[in-house]
Amino acid sequence: MNSSSFVAIDDINKQELLDLLERTRYFEEHPNSKILDGRVVATLFFEPSTRTRLSFETAVNRLGGRVIGFSDASTSSTSKGETLKDTIKMVSNYADIIVMRHFLEGAAQYATEVTDVPIVNAGDGANQHPSQTLLDLYSILKTQGRLEGLVITMVGDLKYGRTVHSLLMAMRHFKPVFNFVSSPELRMPEEYIRLCDREGIEYHEYTDFSKEVIDSSDIIYMTRVQRERFSDIMEYERVKNLYTLRNAMLDGSKPTVRILHPLPRVNEINTDVDDNPKAYYFEQARNGVFARQAILTRALGIDPLKL
Amino acid sequence: MRNDKKELAVAALRNGTVIDHIPTEALFRVVRILGIEEMSTSVTIGYNLESHRFGRKGIIKVADVEFAEDVLNRIAIVAPTAMVNIIRDYEVVEKRPVTLPDELTGIVRCTNPKCITNNEPMHTRFRVTDRDTITVRCLYCNHVYRGDEIEIER
């Protein structure tokens with residue numbers, strides 16, 4: 001793999017994570033500059049994702065870079081049967097860096113093996129979405145003032161939800177306590193449970209989204225429970241409202257607790273939570289632009305702190 | 001071994017490689033990994049032979065071929081107990097177990113239909129994450145396979 005690429009959060013060590021968070025903080029303070037002046041960034045979205053694409057393109061535009069690319073595979077030569085390898089090789093001739101989202105898992109990893117141009121993974125199927133993780137981590141750091149020793153409660157779809165898996169992998173460096181709240185059918189996969197055991201990370205599994213769990217939390221990370229994840233529709237109907245957060249449930253919670261959600265939300269956070277100062281999911285999305293500015297400059301080998 | 005006589009009657013190798021102590025259920029997967037179907041030298045394949053250690057075992061005798069070590073080590077993914085004997089002039093000149101490599105390229109198939117390896121002309125790559133339980137992880141889509149779940153390419 002070409003070393004400056006950003007493909008999976010597991011590839012990033014603690015020091016690199018801290019460096020990225022430092023850069024993110026810098027860009028929050030200095031979101032507009034010309035440090036990407038003269039650079040061309042390709043955004044290749046083989047699968048549409050308006051939110052992620054706009055966030056990356058905003059990040060580039062605010063730093064004075066130019067964007068080329070496509071927002072849908074049907075407008076690219078993929079629809080003519082071109083292999084991913086050929087598309088990446090072709091675009092590598094034009095751009096200084098490639099941001100890509102693909103419906104196939106492992107696509108970004110493979111792209112790093114066929115080009116020397118840095119690849120930034122903007123999501124590969126159900127596999128990885130590391131820029132989301134960085135913005136989650138930054139949101140936690142910003143709202144709590146630290147990353148070490150926090151109680152992180154993850155709620156909803158812990159089986160298929162890639163954001164919770166990546167967040168777990170990133171937070172493992174910072175001595176967290178995890179609460180995993182889900183129906184038995186959607187519990188945290190065995191490999192992550194074993195990883196916690198191996199690394200001596202404290203965790204508790206619950207099927208009840210109880211007051212006790214909520215009141216002990218520093219961060220409550222909500223995820224969407226999707227109907228299509230259930231083999232048994234009756235089971236979905238039974239659990240779909242068990243993991244919905246309502247404003248009244250936060251009455252006894254810590255004043256510093258913050259509610260995060262990768263968005264889009266459906267009904268797992270009731271709209272009556274939105275005006276509670278503990279709700280942070282909209283600001284969380286705003287941090288995405290700064291996190292992506294950090295990722296892009298790191299991949300291009302530009303240190304904003306030394307300019 | 002007590003029943004040497006019977007086995008020797010089948011194939012006493014002058015030169016070549018004997019792979020012994022293959023779990024019976026893994027035998028044909030080993031045949032495939034080694035590409036024996038494409039070989040032109042004489043090969044003896046023993047299936048369901050009696051074994052003191054396993055009850056039943058498989059054995060493969062390939063005349064006039066000495067495999068590269070990395071080729072032989074590939075079979076450890078399905079037959080970790082296999083023993084390799086190199087024969088020269090009817091003598092066993094080397095006897096060693098197979099060892100599972102850290103990474104497997106183009107051997108294991110990823111059964112995730114949404115994995116890039118099933119959609120591009122490319123080799124699969126797997127990392128061995130646990131040697132005791134024989135667990136491997138796809139280096140592209142990160143799917144994990146253990147023991148019998150592991151499928152061989154082709």
# chains A, B, ... in the order shown; residues from 1 in each chain; ligands from 1
$ interface_residues --of "chain A" --to "chain B" --cutoff "9 Å" --atoms "only C-alpha atoms" --output "list in words"
Thr83, Leu84, Lys85, Phe103, Leu104, Glu105, Gly106, Ala107, Ala108, Gln109, Tyr110, Asp124, Gly125, Ala126, Asn127, Gln128 and Glu191 of chain A
$ residues_around --residues "A:Pro264" --least-positions-apart "6" --cutoff "12 Å" --atoms "only C-alpha atoms" --output "list in words"
Ser49, Thr50, Arg51, Thr52, Met222, Thr223, Arg224, Val225, Gln226, Tyr281, Phe282 and Ala285 of chain A
$ select_by_dssp --residues "stretch 71-155 of chain A" --states "strand (DSSP E)" --output "number ranges by chain"
A: 97-102, 119-124, 151-155
$ residues_around --residues "B:Arg125" --least-positions-apart "5" --cutoff "10 Å" --atoms "only C-alpha atoms" --output "ChimeraX atom specification"
/B:103-110,117,136-140
$ residues_around --residues "stretch 6-23 of chain A" --least-positions-apart "6" --cutoff "6 Å" --atoms "only C-alpha atoms" --output "PyMOL selection string"
chain A and resi 120-121+128+130+294
